[in-house]
Amino acid sequence: MGAGIPQPNGDEKTVKLELTSTKINKVIGRKELSFRVTEASTPSRADVRREIAVLMRTELENVYVRTIEAKSGTRVTTGLAHVYNDVATAESVEPKYIIARNKGKEVKTEEESAAPSAALKEEKQ
């Protein structure tokens with residue numbers, strides 16, 4: 001497998017994920033997946049994203065989890081994810097808020113680190 005493809009690891013918390021449907025959208029270049037997770041608690045978006053990347057044998061940057069919904073009173077969580085053929089297509093098609101949700105702390109730290117440096121440049125001028 002490629003260097004960027006996540007590997008299942010026995011040490012990490014793994015999510016028991018079941019794909020309920022797969023649609024191939026050739027026009028956009030993605031697969032639209034519906035999934036179901038049966039666990040005691042709602043899994044994090046990062047855990048689901050990593051598990052889908054492993055199942056679909058693709059890089060993590062190509063997977064975007066659109067929705068996660070926990071069914072009240074059950075241990076079932078359902079959701080929708082998009083798996084793209086390449087990162088450029090994903091970034092041009094997915095809304096920015098979905099990209100931010102899936103990147104999580106990575107995007108926030110990049111924005112925070114860029115903001116102080118821009119403020120310092122303005123002060124020096």
# chains A, B, ... in the order shown; residues from 1 in each chain; ligands from 1
>>> residues_around(residues="region 59-70 of chain A", least_positions_apart="2", cutoff="7 Å", atoms="only C-alpha atoms", output="PyMOL selection string")
chain A and resi 4-6+42+45+49-50+53+72+76-87+90+98+102
>>> select_by_dssp(residues="region 8-118 of chain A", states="strand (DSSP E or B)", output="ChimeraX atom specification")
/A:17-25,30-38,63-70,76-84
>>> atom_distance(atom1="CA of Ile28 (chain A)", atom2="CA of Glu94 (chain A)")
10.7 Å
>>> closest_residue(among="A:Ala40, A:Ala46, A:Ile99, A:Leu55", to="Leu19 (chain A)", atoms="only C-alpha atoms")
A:Leu55
>>> residues_around(residues="Leu17 (chain A)", least_positions_apart="2", cutoff="7 Å", atoms="only C-alpha atoms", output="list in words")
Val15, Leu19, Phe35, Arg36 and Val37 of chain A
>>> atom_distance(atom1="CA of Asn25 (chain A)", atom2="CA of Arg101 (chain A)")
22.6 Å
>>> decode(residues="region 11-40 of chain A", atoms="N, CA and C atoms", output="mmCIF file, in the first residue's frame")
data_model
loop_
_atom_site.group_PDB
_atom_site.id
_atom_site.type_symbol
_atom_site.label_atom_id
_atom_site.label_comp_id
_atom_site.auth_asym_id
_atom_site.auth_seq_id
_atom_site.Cartn_x
_atom_site.Cartn_y
_atom_site.Cartn_z
ATOM 1 N N ASP A 11 -3.291 -1.070 18.081
ATOM 2 C CA ASP A 11 -3.171 -0.227 19.261
ATOM 3 C C ASP A 11 -4.210 0.883 19.289
ATOM 4 N N GLU A 12 -4.621 1.357 18.130
ATOM 5 C CA GLU A 12 -5.566 2.465 18.049
ATOM 6 C C GLU A 12 -6.996 1.969 18.231
ATOM 7 N N LYS A 13 -7.839 2.881 18.661
ATOM 8 C CA LYS A 13 -9.257 2.564 18.784
ATOM 9 C C LYS A 13 -9.836 2.455 17.373
ATOM 10 N N THR A 14 -10.367 1.301 17.024
ATOM 11 C CA THR A 14 -10.950 1.129 15.704
ATOM 12 C C THR A 14 -12.464 1.168 15.792
ATOM 13 N N VAL A 15 -13.071 1.619 14.742
ATOM 14 C CA VAL A 15 -14.516 1.764 14.660
ATOM 15 C C VAL A 15 -15.059 0.615 13.821
ATOM 16 N N LYS A 16 -16.144 -0.007 14.275
ATOM 17 C CA LYS A 16 -16.783 -1.073 13.500
ATOM 18 C C LYS A 16 -17.768 -0.416 12.542
ATOM 19 N N LEU A 17 -17.323 -0.249 11.323
ATOM 20 C CA LEU A 17 -18.080 0.490 10.325
ATOM 21 C C LEU A 17 -18.582 -0.460 9.248
ATOM 22 N N GLU A 18 -19.836 -0.272 8.864
ATOM 23 C CA GLU A 18 -20.455 -1.091 7.821
ATOM 24 C C GLU A 18 -20.973 -0.151 6.728
ATOM 25 N N LEU A 19 -20.590 -0.402 5.484
ATOM 26 C CA LEU A 19 -21.089 0.405 4.368
ATOM 27 C C LEU A 19 -22.468 -0.097 3.984
ATOM 28 N N THR A 20 -23.464 0.801 3.971
ATOM 29 C CA THR A 20 -24.828 0.398 3.621
ATOM 30 C C THR A 20 -25.132 0.634 2.152
ATOM 31 N N SER A 21 -24.494 1.639 1.533
ATOM 32 C CA SER A 21 -24.659 1.843 0.092
ATOM 33 C C SER A 21 -23.465 2.606 -0.468
ATOM 34 N N THR A 22 -23.191 2.355 -1.733
ATOM 35 C CA THR A 22 -22.108 3.030 -2.437
ATOM 36 C C THR A 22 -22.611 3.455 -3.809
ATOM 37 N N LYS A 23 -22.481 4.745 -4.094
ATOM 38 C CA LYS A 23 -22.836 5.264 -5.416
ATOM 39 C C LYS A 23 -21.587 5.866 -6.031
ATOM 40 N N ILE A 24 -21.349 5.572 -7.298
ATOM 41 C CA ILE A 24 -20.204 6.135 -8.000
ATOM 42 C C ILE A 24 -20.673 7.299 -8.849
ATOM 43 N N ASN A 25 -20.125 8.467 -8.589
ATOM 44 C CA ASN A 25 -20.455 9.672 -9.324
ATOM 45 C C ASN A 25 -19.275 9.964 -10.259
ATOM 46 N N LYS A 26 -19.374 9.502 -11.489
ATOM 47 C CA LYS A 26 -18.275 9.640 -12.455
ATOM 48 C C LYS A 26 -18.077 11.078 -12.905
ATOM 49 N N VAL A 27 -19.142 11.868 -12.921
ATOM 50 C CA VAL A 27 -19.043 13.259 -13.376
ATOM 51 C C VAL A 27 -18.126 14.047 -12.452
ATOM 52 N N ILE A 28 -18.303 13.890 -11.147
ATOM 53 C CA ILE A 28 -17.490 14.630 -10.180
ATOM 54 C C ILE A 28 -16.194 13.882 -9.865
ATOM 55 N N GLY A 29 -16.216 12.580 -9.985
ATOM 56 C CA GLY A 29 -15.028 11.783 -9.672
ATOM 57 C C GLY A 29 -14.972 11.408 -8.208
ATOM 58 N N ARG A 30 -16.088 10.907 -7.677
ATOM 59 C CA ARG A 30 -16.119 10.515 -6.276
ATOM 60 C C ARG A 30 -17.061 9.337 -6.065
ATOM 61 N N LYS A 31 -16.937 8.728 -4.899
ATOM 62 C CA LYS A 31 -17.860 7.693 -4.450
ATOM 63 C C LYS A 31 -18.631 8.275 -3.273
ATOM 64 N N GLU A 32 -19.946 8.106 -3.299
ATOM 65 C CA GLU A 32 -20.804 8.608 -2.233
ATOM 66 C C GLU A 32 -21.233 7.415 -1.388
ATOM 67 N N LEU A 33 -20.779 7.392 -0.148
ATOM 68 C CA LEU A 33 -20.987 6.248 0.727
ATOM 69 C C LEU A 33 -21.978 6.569 1.840
ATOM 70 N N SER A 34 -22.855 5.624 2.115
ATOM 71 C CA SER A 34 -23.682 5.660 3.318
ATOM 72 C C SER A 34 -23.121 4.593 4.236
ATOM 73 N N PHE A 35 -23.007 4.914 5.522
ATOM 74 C CA PHE A 35 -22.420 3.954 6.444
ATOM 75 C C PHE A 35 -23.219 3.867 7.737
ATOM 76 N N ARG A 36 -22.898 2.829 8.497
ATOM 77 C CA ARG A 36 -23.568 2.580 9.765
ATOM 78 C C ARG A 36 -22.510 2.086 10.749
ATOM 79 N N VAL A 37 -22.518 2.649 11.942
ATOM 80 C CA VAL A 37 -21.581 2.266 12.987
ATOM 81 C C VAL A 37 -22.398 1.818 14.193
ATOM 82 N N THR A 38 -22.052 0.657 14.742
ATOM 83 C CA THR A 38 -22.716 0.169 15.947
ATOM 84 C C THR A 38 -21.695 0.178 17.072
ATOM 85 N N GLU A 39 -21.842 1.147 17.987
ATOM 86 C CA GLU A 39 -20.948 1.309 19.123
ATOM 87 C C GLU A 39 -21.700 1.908 20.282
ATOM 88 N N ALA A 40 -21.120 1.813 21.474
ATOM 89 C CA ALA A 40 -21.761 2.349 22.678
ATOM 90 C C ALA A 40 -21.856 3.876 22.633
#
